[in-house]
file final_13.cif (mmCIF, C-alpha atoms)
data_target
loop_
_atom_site.label_atom_id
_atom_site.label_comp_id
_atom_site.auth_asym_id
_atom_site.auth_seq_id
_atom_site.Cartn_x
_atom_site.Cartn_y
_atom_site.Cartn_z
CA MET A 116 0.00 0.00 0.00
CA THR A 117 1.44 3.37 -1.01
CA HIS A 118 1.61 6.36 1.34
CA LEU A 119 -1.78 7.98 1.78
CA ASN A 120 -2.36 11.41 3.23
CA ILE A 121 -5.00 12.17 5.87
CA SER A 122 -7.76 13.19 3.46
CA GLN A 123 -7.28 10.06 1.35
CA ARG A 124 -7.30 7.80 4.41
CA PHE A 125 -10.42 9.47 5.73
CA ALA A 126 -12.12 9.35 2.31
CA LEU A 127 -11.46 5.61 1.97
CA ILE A 128 -13.09 4.96 5.35
CA ALA A 129 -15.95 7.45 5.05
CA LEU A 130 -16.95 6.84 1.42
CA ASN A 131 -17.05 3.04 1.78
CA GLY A 132 -20.66 1.94 1.32
CA GLN A 133 -21.95 5.44 0.44
CA ASP A 134 -24.55 5.92 -2.28
CA LEU A 135 -22.89 6.79 -5.60
CA GLU A 136 -25.59 8.89 -7.22
CA ARG A 137 -27.28 10.84 -4.44
CA ILE A 138 -25.92 13.22 -1.84
CA THR A 139 -27.30 11.56 1.27
CA ILE A 140 -26.93 13.10 4.72
CA ALA A 141 -24.16 10.62 5.56
CA LYS A 142 -22.29 11.38 2.34
CA ARG A 143 -22.66 15.15 2.80
CA MET A 144 -21.09 14.86 6.26
CA ALA A 145 -18.30 12.66 4.89
CA LEU A 146 -17.51 15.09 2.05
CA ARG A 147 -17.38 18.05 4.42
CA GLY A 148 -14.98 15.99 6.53
CA ILE A 149 -12.79 15.38 3.45
CA ALA A 150 -12.70 19.14 2.76
CA ALA A 151 -11.67 19.81 6.38
CA ALA A 152 -9.04 17.05 6.13
CA VAL A 153 -7.50 18.71 3.07
CA ALA A 154 -7.29 22.11 4.84
CA LEU A 155 -5.73 20.47 7.91
CA GLU A 156 -3.22 18.23 6.10
CA LEU A 157 -1.89 21.13 4.02
CA GLN A 158 -1.02 23.16 7.10
CA ILE A 159 -0.34 20.62 9.84
CA SER A 160 2.37 18.92 7.74
CA SER A 161 4.35 22.16 7.92
CA GLY A 162 3.93 22.26 11.71
CA CYS A 163 1.34 25.08 11.87
CA SER A 164 -1.18 25.27 14.70
CA LEU A 165 -4.91 25.79 14.18
CA LYS A 166 -4.53 29.43 15.17
CA SER A 167 -1.81 30.10 12.57
CA LEU A 168 -2.63 32.02 9.43
CA PHE A 169 -3.69 29.81 6.54
CA VAL A 170 -1.02 29.87 3.84
CA CYS A 171 -1.98 28.47 0.43
CA PRO A 172 0.77 26.12 -0.81
CA PRO A 173 1.99 26.55 -4.41
CA GLU A 174 -0.46 25.06 -6.94
CA SER A 175 2.21 22.81 -8.40
CA THR A 176 2.49 20.89 -5.12
CA LEU A 177 -1.24 20.17 -4.87
CA ALA A 178 -3.28 17.23 -6.12
CA LEU A 179 -6.33 18.14 -8.19
CA TYR A 180 -8.78 17.37 -5.37
CA GLN A 181 -6.75 19.48 -2.91
CA GLN A 182 -6.83 22.38 -5.38
CA THR A 183 -10.59 21.86 -5.80
CA VAL A 184 -11.13 22.11 -2.04
CA LEU A 185 -9.06 25.30 -1.84
CA ASP A 186 -11.02 26.77 -4.78
CA GLN A 187 -14.30 26.04 -2.99
CA LEU A 188 -13.13 27.29 0.39
CA ALA A 189 -11.33 30.33 -1.08
CA PRO A 190 -9.25 31.19 2.02
CA ARG A 191 -8.91 34.96 2.51
CA THR A 192 -5.67 36.75 3.32
CA GLY A 193 -5.13 36.89 7.07
CA GLU A 194 -7.59 34.07 7.76
CA THR A 195 -6.63 31.43 10.33
CA LEU A 196 -6.66 27.68 9.70
CA ILE A 197 -9.42 27.21 12.27
CA SER A 198 -11.67 29.63 10.38
CA VAL A 199 -11.02 27.87 7.04
CA VAL A 200 -11.83 24.49 8.62
CA GLN A 201 -15.05 25.85 10.12
CA ARG A 202 -16.13 27.15 6.70
CA THR A 203 -16.36 23.54 5.39
CA GLN A 204 -19.66 23.39 7.29
CA LYS A 205 -21.13 25.86 4.79
CA LEU A 206 -20.08 24.03 1.62
CA HIS A 207 -23.18 23.44 -0.50
CA ASP A 208 -24.09 20.26 -2.36
CA LYS A 209 -22.86 21.51 -5.75
CA ALA A 210 -19.36 22.15 -4.36
CA LEU A 211 -19.40 18.83 -2.51
CA LYS A 212 -20.35 17.00 -5.71
CA VAL A 213 -17.33 18.51 -7.50
CA LEU A 214 -15.08 17.49 -4.60
CA GLU A 215 -16.55 13.98 -4.57
CA ARG A 216 -15.86 13.51 -8.27
CA CYS A 217 -12.23 14.71 -7.93
CA ILE A 218 -11.31 12.57 -4.93
CA SER A 219 -13.19 9.47 -6.08
CA ASP A 220 -11.56 9.69 -9.54
CA GLN A 221 -8.14 9.92 -7.94
CA LEU A 222 -8.75 7.01 -5.55
CA GLN A 223 -10.30 4.88 -8.28
CA GLY A 224 -7.31 5.65 -10.52
CA ASP A 225 -5.05 4.28 -7.78
CA ASN A 226 -7.25 1.13 -7.51
CA LEU A 227 -8.13 1.93 -3.90
CA LEU A 228 -11.82 2.64 -4.44
CA ASP A 229 -14.35 0.96 -6.66
CA THR A 230 -18.00 1.40 -7.53
CA VAL A 231 -20.17 -1.66 -7.22
CA PRO A 232 -23.89 -2.34 -7.49
CA SER A 233 -25.42 -1.93 -4.05
CA LEU A 234 -26.39 -5.15 -2.33
CA LEU A 235 -29.89 -3.72 -2.20
CA GLY A 236 -29.96 -4.13 -6.00
CA CYS A 237 -29.93 -7.94 -5.50
CA ASP A 238 -33.25 -7.75 -3.64
CA LEU A 239 -36.18 -9.30 -5.47
CA ASN A 240 -38.21 -6.08 -5.30
CA ALA A 241 -35.38 -3.92 -6.62
CA GLN A 242 -34.80 -6.35 -9.49
CA ASP A 243 -38.50 -6.40 -10.35
CA ASN A 244 -38.84 -2.64 -10.65
CA GLY A 245 -35.50 -2.33 -12.48
CA THR A 246 -34.02 0.06 -9.93
CA GLN A 247 -30.24 0.40 -10.14
CA TYR A 248 -28.32 1.16 -6.96
CA ASN A 249 -24.60 1.73 -6.88
CA GLU A 250 -22.24 2.50 -4.05
CA TYR A 251 -18.57 3.05 -3.31
CA ARG A 252 -16.51 0.17 -2.03
CA THR A 253 -13.00 0.57 -0.69
CA GLU A 254 -10.64 -2.21 -1.74
CA ALA A 255 -11.08 -4.80 1.03
CA SER A 256 -7.44 -5.21 2.14
CA VAL A 257 -6.90 -1.43 2.11
CA TYR A 258 -10.05 -0.88 4.17
CA THR A 259 -8.92 -3.47 6.74
CA ARG A 260 -5.42 -1.99 7.03
CA LEU A 261 -6.76 1.56 7.41
CA SER A 262 -9.67 0.94 9.74
CA GLU A 263 -8.03 -1.75 11.89
CA GLY A 264 -4.72 0.15 12.04
CA LEU A 265 -6.52 3.27 13.22
CA ARG A 266 -8.55 1.27 15.76
CA ALA A 267 -5.38 -0.30 17.15
CA GLU A 268 -3.50 3.00 17.35
CA ILE A 269 -6.36 4.86 19.03
CA LEU A 270 -7.11 2.06 21.50
CA GLU A 271 -3.53 1.06 22.34
CA ASP A 272 -0.96 3.84 21.85
CA ASP A 273 0.06 5.83 24.91
CA GLN A 274 1.03 8.82 22.78
CA MET A 275 -1.34 9.37 19.92
CA ALA A 276 0.07 10.63 16.60
CA ASP A 277 -1.32 13.91 15.21
CA GLU A 278 -2.68 12.10 12.13
CA ASN A 279 -4.76 9.82 14.36
CA ILE A 280 -6.09 12.75 16.40
CA ILE A 281 -7.21 14.42 13.16
CA LEU A 282 -8.73 11.19 11.82
CA PHE A 283 -10.58 10.60 15.08
CA TRP A 284 -11.94 14.17 14.98
CA LEU A 285 -13.02 13.76 11.33
CA LEU A 286 -14.77 10.48 12.13
CA ARG A 287 -16.53 12.12 15.07
CA GLU A 288 -17.63 15.14 13.03
CA SER A 289 -18.89 13.02 10.14
CA GLY A 290 -20.73 10.62 12.46
CA CYS A 291 -18.60 7.58 11.46
CA ILE A 292 -17.26 6.71 14.93
CA HIS A 293 -19.75 3.86 15.36
CA ASP A 294 -18.58 2.31 12.07
CA LEU A 295 -15.17 1.70 13.63
CA PHE A 296 -15.68 1.26 17.36
CA ASN A 297 -18.23 -0.89 19.11
CA GLU A 298 -20.05 0.10 22.30
CA GLY A 299 -17.56 -1.69 24.53
CA GLU A 300 -14.61 0.18 23.03
CA LEU A 301 -16.07 3.69 23.20
CA PRO A 302 -15.21 4.31 26.89
CA THR A 303 -11.54 3.43 26.11
CA VAL A 304 -11.64 5.77 23.10
CA GLN A 305 -12.98 8.53 25.37
CA VAL A 306 -10.20 7.98 27.93
CA GLN A 307 -7.56 8.04 25.18
CA MET A 308 -8.97 11.28 23.77
CA GLN A 309 -9.06 12.91 27.21
CA LYS A 310 -5.41 11.94 27.61
CA ALA A 311 -4.57 13.36 24.16
CA TYR A 312 -6.47 16.57 25.03
CA ARG A 313 -4.23 17.04 28.09
CA VAL A 314 -0.88 16.33 26.43
CA SER A 315 -1.23 17.24 22.73
CA PRO A 316 -1.51 20.92 21.70
CA LEU A 317 -3.23 19.82 18.46
CA ALA A 318 -5.87 17.76 20.30
CA HIS A 319 -6.38 20.67 22.72
CA GLN A 320 -7.28 22.97 19.83
CA LEU A 321 -9.02 20.51 17.51
CA LEU A 322 -11.23 18.38 19.74
CA PRO A 323 -13.48 21.25 20.98
CA LEU A 324 -14.02 22.35 17.35
CA GLU A 325 -17.30 21.32 15.68
CA ILE A 326 -18.10 21.43 11.98
CA HIS A 327 -21.15 19.18 11.92
CA SER A 328 -24.67 20.49 11.60
CA THR A 329 -26.70 19.50 14.66
CA LEU A 330 -29.76 18.80 12.51
CA GLU A 331 -27.82 16.56 10.11
CA SER A 332 -26.10 14.72 12.94
CA SER A 333 -29.45 14.14 14.64
CA LEU A 334 -30.96 12.85 11.41
CA LYS A 335 -27.97 10.58 10.77
CA GLY A 336 -28.20 9.45 14.39
CA LEU A 337 -31.89 8.67 13.97
CA LEU A 338 -31.29 6.74 10.75
CA GLY A 339 -28.34 5.01 12.43
CA LEU A 340 -30.56 4.06 15.35
CA LYS A 341 -33.06 2.50 12.96
CA GLN A 342 -30.23 0.59 11.28
CA LYS A 343 -28.77 -0.39 14.65
CA ALA A 344 -32.13 -1.70 15.82
CA ALA A 345 -32.25 -3.81 12.69
CA SER A 346 -28.70 -5.06 13.28
CA ALA A 347 -28.97 -5.92 16.97
CA ASP A 348 -30.00 -9.39 18.09
CA ILE A 349 -33.65 -8.43 18.62
CA GLY A 350 -33.60 -6.10 15.63
CA ILE A 351 -32.41 -8.84 13.33
CA GLY A 352 -35.40 -10.89 14.37
CA LEU A 353 -37.78 -7.97 13.91
CA ASN A 354 -36.28 -7.06 10.61
CA PHE A 355 -36.37 -10.64 9.48
CA LEU A 356 -40.11 -10.70 10.09
CA PHE A 357 -40.78 -7.16 8.83
CA PRO A 358 -38.13 -6.36 6.19
CA ILE A 359 -39.76 -3.03 5.37
CA PHE A 360 -38.48 -1.85 8.77
CA GLU A 361 -34.97 -1.52 7.37
CA ARG A 362 -34.76 -2.56 3.74
CA SER A 363 -30.98 -2.27 3.46
CA GLN A 364 -30.55 -4.77 6.29
CA SER A 365 -32.85 -7.50 4.97
CA ILE A 366 -32.40 -8.48 1.35
CA PHE A 367 -34.33 -11.28 -0.32
CA ILE A 368 -32.48 -13.12 -3.09
CA ASP A 369 -34.58 -15.13 -5.46
CA THR A 370 -33.18 -18.64 -6.19
CA GLU A 371 -36.24 -19.68 -8.26
CA ARG A 372 -36.80 -22.93 -6.35
CA LEU A 373 -36.17 -24.50 -2.98
CA TYR A 374 -32.99 -26.59 -2.92
CA ASP A 375 -32.31 -29.50 -0.56
CA ASN A 376 -28.67 -29.57 -1.54
CA ASN A 377 -26.72 -26.95 0.44
CA GLU A 378 -24.01 -26.58 -2.18
CA VAL A 379 -26.46 -25.95 -5.03
CA PHE A 380 -28.39 -23.50 -2.84
CA LEU A 381 -25.18 -21.62 -2.07
CA SER A 382 -24.05 -21.58 -5.68
CA ARG A 383 -27.42 -20.08 -6.75
CA ILE A 384 -26.98 -17.35 -4.14
CA LEU A 385 -23.42 -16.68 -5.27
CA ASP A 386 -24.63 -16.37 -8.87
CA ARG A 387 -27.05 -13.66 -7.78
CA LEU A 388 -24.33 -11.85 -5.85
CA ALA A 389 -22.02 -11.58 -8.89
CA GLY A 390 -20.15 -8.27 -8.84
CA HIS A 391 -19.85 -8.22 -5.05
CA ASP A 392 -16.84 -9.21 -2.99
CA VAL A 393 -18.16 -12.45 -1.43
CA GLU A 394 -16.34 -14.88 0.84
CA VAL A 395 -18.00 -18.04 2.18
CA LEU A 396 -17.11 -18.29 5.88
CA ARG A 397 -19.40 -21.16 6.84
CA MET A 398 -20.86 -23.79 4.59
CA SER A 399 -24.09 -25.14 6.07
CA LYS A 400 -27.85 -25.08 5.64
CA VAL A 401 -27.63 -21.40 6.64
CA PRO A 402 -24.34 -20.28 5.06
CA LEU A 403 -22.37 -17.42 6.54
CA LEU A 404 -21.05 -14.97 3.95
CA ARG A 405 -18.87 -11.90 4.05
CA ILE A 406 -20.27 -9.57 1.42
CA ASP A 407 -18.42 -6.29 0.81
CA ASN A 408 -16.85 -6.43 4.30
CA VAL A 409 -20.18 -7.11 6.07
CA LEU A 410 -21.23 -10.50 7.49
CA TYR A 411 -24.60 -12.01 6.51
CA GLU A 412 -26.35 -15.33 7.05
CA ALA A 413 -28.27 -16.54 3.99
CA VAL A 414 -31.43 -18.03 5.47
CA PRO A 415 -33.58 -20.18 3.16
CA SER A 416 -36.86 -18.36 2.86
CA ALA A 417 -39.91 -17.77 0.70
CA VAL A 418 -42.06 -14.76 -0.10
CA GLN A 419 -45.42 -14.52 -1.81
CA VAL A 420 -45.81 -12.26 -4.81
CA GLY A 421 -48.74 -11.35 -7.02
CA GLY A 422 -52.12 -9.76 -6.41
CA SER A 423 -55.85 -10.04 -7.12
CA GLY A 424 -56.17 -13.19 -5.06
CA ILE A 425 -53.38 -15.10 -6.85
CA ARG A 426 -50.33 -15.41 -4.63
CA ILE A 427 -47.27 -17.25 -5.96
CA PRO A 428 -44.53 -18.41 -3.58
CA VAL A 429 -40.99 -17.43 -4.59
CA TYR A 430 -38.18 -19.37 -2.96
CA GLY A 431 -34.81 -17.90 -2.14
CA ALA A 432 -32.61 -16.69 0.68
CA ARG A 433 -32.97 -13.74 2.98
CA LEU A 434 -29.70 -12.12 3.92
CA ARG A 435 -29.63 -11.49 7.63
CA ARG A 436 -26.96 -9.26 9.20
CA TYR A 437 -24.72 -11.37 11.40
CA PRO A 438 -23.76 -9.65 14.65
CA LEU A 439 -19.98 -9.31 14.80
CA PHE A 440 -19.95 -7.98 18.33
CA GLY A 441 -22.15 -9.10 21.16
CA MET B 89 4.17 17.22 18.08
CA SER B 90 3.92 13.47 17.47
CA ARG B 91 3.89 12.23 13.88
CA GLN B 92 2.91 8.82 12.63
CA ARG B 93 5.79 6.73 11.23
CA SER B 94 5.72 6.24 7.47
CA LEU B 95 5.27 2.77 5.98
CA GLU B 96 8.89 2.80 4.77
CA THR B 97 10.13 3.53 8.31
CA ILE B 98 7.95 0.80 9.81
CA GLN B 99 9.12 -1.71 7.21
CA SER B 100 12.69 -1.31 8.42
CA ALA B 101 12.04 -0.75 12.13
CA GLN B 102 13.24 -3.25 14.71
CA PHE B 103 10.16 -2.85 16.90
CA VAL B 104 6.61 -1.91 15.89
CA SER B 105 3.36 -1.16 17.72
CA ILE B 106 0.25 -3.33 17.28
CA GLY B 107 -1.25 -0.66 14.98
CA GLU B 108 1.84 -0.75 12.81
CA LEU B 109 1.69 -4.55 12.78
CA VAL B 110 -1.89 -4.28 11.49
CA ARG B 111 -0.71 -1.94 8.73
CA LEU B 112 2.12 -4.32 7.80
CA THR B 113 0.18 -7.60 7.82
CA GLY B 114 -3.40 -6.55 7.01
CA CYS B 115 -4.66 -8.65 9.95
CA ARG B 116 -7.52 -7.37 12.09
CA TYR B 117 -6.60 -5.58 15.31
CA SER B 118 -8.83 -7.87 17.35
CA THR B 119 -7.11 -10.93 15.83
CA LEU B 120 -3.62 -9.69 16.73
CA LYS B 121 -4.81 -8.69 20.20
CA PHE B 122 -6.20 -12.19 20.67
CA TYR B 123 -2.94 -13.79 19.51
CA THR B 124 -1.03 -11.53 21.91
CA GLU B 125 -3.26 -12.39 24.84
CA GLU B 126 -2.94 -16.08 24.02
CA GLY B 127 0.84 -15.67 24.21
CA LEU B 128 1.32 -16.47 20.52
CA LEU B 129 3.01 -13.20 19.59
CA PRO B 130 6.32 -12.13 21.16
CA TYR B 131 6.40 -8.58 22.56
CA GLU B 132 8.20 -6.31 25.00
CA GLN B 133 6.56 -3.91 27.43
CA ALA B 134 8.57 -1.53 29.60
CA GLU B 135 5.76 -1.05 32.15
CA GLN B 136 2.29 -2.49 32.44
CA ASN B 137 0.50 0.60 31.12
CA LEU B 138 2.91 1.33 28.28
CA THR B 139 2.45 0.33 24.65
CA ARG B 140 3.55 -3.17 23.69
CA ARG B 141 6.47 -3.26 21.25
CA PHE B 142 6.62 -6.20 18.86
CA PRO B 143 9.90 -7.37 17.28
CA ARG B 144 8.84 -6.79 13.65
CA GLU B 145 10.49 -9.69 11.86
CA ARG B 146 9.71 -12.32 14.49
CA ALA B 147 6.11 -11.15 14.91
CA ILE B 148 5.41 -11.14 11.15
CA ALA B 149 6.98 -14.59 10.76
CA ARG B 150 4.89 -15.88 13.68
CA ILE B 151 1.66 -14.43 12.21
CA ALA B 152 2.42 -16.09 8.86
CA LYS B 153 2.98 -19.39 10.67
CA ILE B 154 -0.30 -19.09 12.62
CA GLN B 155 -2.21 -18.32 9.43
CA ALA B 156 -0.63 -21.27 7.61
CA LEU B 157 -1.59 -23.60 10.47
CA LYS B 158 -5.12 -22.19 10.53
CA THR B 159 -5.44 -22.76 6.78
CA SER B 160 -4.33 -26.35 7.25
CA GLY B 161 -7.24 -26.80 9.66
CA CYS B 162 -5.57 -26.48 13.09
CA ARG B 163 -7.52 -24.99 15.98
CA ILE B 164 -6.00 -22.23 18.13
CA ASP B 165 -5.28 -24.59 21.04
CA GLU B 166 -3.45 -26.95 18.65
CA ILE B 167 -1.53 -24.03 17.12
CA LYS B 168 -0.58 -22.92 20.62
CA VAL B 169 0.83 -26.34 21.49
CA ARG B 170 2.79 -26.51 18.24
CA LEU B 171 4.23 -22.99 18.33
CA LEU B 172 4.93 -22.71 22.01
CA GLY B 173 6.37 -26.22 21.90
CA ASP B 174 8.79 -24.94 19.23
CA GLY B 175 9.90 -22.23 21.66
#

call {"tool": "encode", "arguments": {"input": "final_13.cif", "output": "structure tokens"}}
result
Amino acid sequence: MTHLNISQRFALIALNGQDLERITIAKRMALRGIAAAVALELQISSGCSLKSLFVCPPESTLALYQQTVLDQLAPRTGETLISVVQRTQKLHDKALKVLERCISDQLQGDNLLDTVPSLLGCDLNAQDNGTQYNEYRTEASVYTRLSEGLRAEILEDDQMADENIILFWLLRESGCIHDLFNEGELPTVQVQMQKAYRVSPLAHQLLPLEIHSTLESSLKGLLGLKQKAASADIGIGLNFLFPIFERSQSIFIDTERLYDNNEVFLSRILDRLAGHDVEVLRMSKVPLLRIDNVLYEAVPSAVQVGGSGIRIPVYGARLRRYPLFG
Amino acid sequence: MSRQRSLETIQSAQFVSIGELVRLTGCRYSTLKFYTEEGLLPYEQAEQNLTRRFPRERAIARIAKIQALKTSGCRIDEIKVRLLGDG
């Protein structure tokens, strides 16, 4: 893996699984975080503090996406870094779309990011109405190295590096903290951040800073809560019975008929999941699959389709989120 | 000001942190933590609350060995007997 700067590392974590076509609330928060990351990485690398004046580096030293961010933020003479970072909160969707295209093109060119059909597109209903869903997917090994490396360094290191303090802050401001840390780890993360706040001048200035919109964070939190309810032990059961509760967490894959043979059943499912990064972790009547870095059980199931009194059973598998953490 | 070590620096370092080991091997943090707690990975720790330092070459070789044994169907307790038996 080549050297990645802070904005690229953050983009690879935050864009993974985001809708390709639409600017969702989650993606808007991620893109604002990328803009803030660019402003920070350009100044922090030269040892400036947040209260230093923002100095635009020469154009020739900037990547296209970094130049795009600076064009959108248009730092004024005599403006401090903290003020430029805070202005990312006001970036509108049109500017964010331009930034998204620049950074995603660059990451895709380096084979670090890919666009894949969303798993939701494999659902029987989505296939029937011809809806196409696409999303970003970070290359699996890169995603593991970045996310797990950051988790390890935040949870274990006694002196946190500046890059990790910035990444933690970006994850917090874009509402991605729960994608990386489970409930049991959050108290340790909090202790580590309190320690960093006391000993690191950067953490002391950066951690109290907020660039998220309270309304957007609340909405993302609410949507996250719905998703979490569908992912938790009880939620999985609820969602399994009432898939409409959280469609993205309960996907029905049509296999055309009911198979007794586990291997044939699995191969029919794998056919339907073509285009996704699938790994079979458990081969049984209810196979366990890792699809695009998320674990699912494929439970043999049937739904009834049709109307006007004629109901036809369709056999297949319902993908059920498999709880990674208790 | 504390800066993160570059990949090139880590690749030639004598000792690495668990986070750096994750970056080098691509293994999950929880996996390496489990191996460490099971005594499968060698490390040094100056004091109880300080970061564990892993001898890079030995730790990477040991992880490769564990993964090879896992692929061949060994369970963790069997791997433990084999590796710790080796010394």

call {"tool": "residues_around", "arguments": {"input": "final_13.cif", "residues": "Glu145 (chain B)", "least_positions_apart": "6", "cutoff": "10 Å", "atoms": "only C-alpha atoms", "output": "number ranges by chain"}}
result
B: 99-104

call {"tool": "closest_atom_pairs", "arguments": {"input": "final_13.cif", "of": "chain B", "to": "chain A", "cutoff": "12 Å", "atoms": "all atoms listed in the file", "output": "tab-separated table"}}
result
residue	atom	partner	partner_atom	distance
B:Met89	CA	A:Asp277	CA	7.0
B:Ser90	CA	A:Ala276	CA	4.9
B:Arg91	CA	A:Ala276	CA	5.0
B:Gln92	CA	A:Ala276	CA	5.2
B:Arg93	CA	A:Ala276	CA	8.8
B:Ser94	CA	A:His118	CA	7.4
B:Leu95	CA	A:His118	CA	6.9
B:Glu96	CA	A:His118	CA	8.8
B:Thr97	CA	A:His118	CA	11.4
B:Ile98	CA	A:His118	CA	12.0
B:Gln99	CA	A:Met116	CA	11.8
B:Val104	CA	A:Asp272	CA	11.2
B:Ser105	CA	A:Asp272	CA	7.8
B:Ile106	CA	A:Ala267	CA	6.4
B:Gly107	CA	A:Gly264	CA	4.6
B:Glu108	CA	A:Gly264	CA	6.7
B:Leu109	CA	A:Gly264	CA	8.0
B:Val110	CA	A:Gly264	CA	5.3
B:Arg111	CA	A:Arg260	CA	5.0
B:Leu112	CA	A:Arg260	CA	7.9
B:Thr113	CA	A:Arg260	CA	8.0
B:Gly114	CA	A:Arg260	CA	5.0
B:Cys115	CA	A:Arg260	CA	7.3
B:Arg116	CA	A:Glu263	CA	5.6
B:Tyr117	CA	A:Glu263	CA	5.3
B:Ser118	CA	A:Glu263	CA	8.2
B:Thr119	CA	A:Glu263	CA	10.0
B:Leu120	CA	A:Ala267	CA	9.6
B:Lys121	CA	A:Ala267	CA	8.9
B:Gln133	CA	A:Asp273	CA	12.0
B:Glu135	CA	A:Asp273	CA	11.5
B:Gln136	CA	A:Asp273	CA	11.4
B:Asn137	CA	A:Asp273	CA	8.1
B:Leu138	CA	A:Asp273	CA	6.3
B:Thr139	CA	A:Asp272	CA	5.6
B:Arg140	CA	A:Glu271	CA	8.4
B:Arg141	CA	A:Asp272	CA	10.3

call {"tool": "atom_distance", "arguments": {"input": "final_13.cif", "atom1": "CA of Asp369 (chain A)", "atom2": "CA of Leu388 (chain A)"}}
result
10.8 Å

call {"tool": "atom_distance", "arguments": {"input": "final_13.cif", "atom1": "CA of Leu130 (chain A)", "atom2": "CA of Glu298 (chain A)"}}
result
22.2 Å

call {"tool": "atom_distance", "arguments": {"input": "final_13.cif", "atom1": "CA of Leu185 (chain A)", "atom2": "CA of Pro173 (chain A)"}}
result
11.4 Å

call {"tool": "closest_residue", "arguments": {"input": "final_13.cif", "among": "B:Arg163, B:Arg146, B:Lys158, B:Arg170", "to": "Leu129 (chain B)", "atoms": "only C-alpha atoms"}}
result
B:Arg146

call {"tool": "resolve_selection", "arguments": {"input": "final_13.cif", "expression": "the PyMOL selection byres ((chain B and resi 126) around 12)", "output": "list of chain:residue names"}}
result
B:Thr119, B:Leu120, B:Lys121, B:Phe122, B:Tyr123, B:Thr124, B:Glu125, B:Gly127, B:Leu128, B:Leu129, B:Pro130, B:Ile164, B:Asp165, B:Ile167, B:Lys168, B:Val169, B:Leu171, B:Leu172

call {"tool": "residues_around", "arguments": {"input": "final_13.cif", "residues": "Thr203 (chain A)", "least_positions_apart": "3", "cutoff": "10 Å", "atoms": "only C-alpha atoms", "output": "list of chain:residue names"}}
result
A:Met144, A:Leu146, A:Arg147, A:Gly148, A:Ile149, A:Ala150, A:Ala151, A:Ala152, A:Ala154, A:Val184, A:Gln187, A:Leu188, A:Ser198, A:Val199, A:Val200, A:Leu206, A:His207, A:Leu211, A:Ile326, A:His327

call {"tool": "write_last_selection", "arguments": {"input": "final_13.cif", "atoms": "C-alpha atoms", "output": "compact mmCIF listing (two decimals), in the frame of the given file"}}
result
# COMPACT_ATOMS: atom_id res chain seq x y z
CA MET A 144 -21.09 14.86 6.26
CA LEU A 146 -17.51 15.09 2.05
CA ARG A 147 -17.38 18.05 4.42
CA GLY A 148 -14.98 15.99 6.53
CA ILE A 149 -12.79 15.38 3.45
CA ALA A 150 -12.70 19.14 2.76
CA ALA A 151 -11.67 19.81 6.38
CA ALA A 152 -9.04 17.05 6.13
CA ALA A 154 -7.29 22.11 4.84
CA VAL A 184 -11.13 22.11 -2.04
CA GLN A 187 -14.30 26.04 -2.99
CA LEU A 188 -13.13 27.29 0.39
CA SER A 198 -11.67 29.63 10.38
CA VAL A 199 -11.02 27.87 7.04
CA VAL A 200 -11.83 24.49 8.62
CA LEU A 206 -20.08 24.03 1.62
CA HIS A 207 -23.18 23.44 -0.50
CA LEU A 211 -19.40 18.83 -2.51
CA ILE A 326 -18.10 21.43 11.98
CA HIS A 327 -21.15 19.18 11.92

call {"tool": "residues_around", "arguments": {"input": "final_13.cif", "residues": "His391 (chain A)", "least_positions_apart": "2", "cutoff": "7 Å", "atoms": "all atoms listed in the file", "output": "list in words"}}
result
Val231, Leu388, Ala389, Val393, Ile406 and Asp407 of chain A

call {"tool": "resolve_selection", "arguments": {"input": "final_13.cif", "expression": "the PyMOL selection byres ((chain A and resi 290) around 9)", "output": "MDAnalysis selection string"}}
result
chainID A and resid 141 144:145 285:289 291:294 327 332 335:336
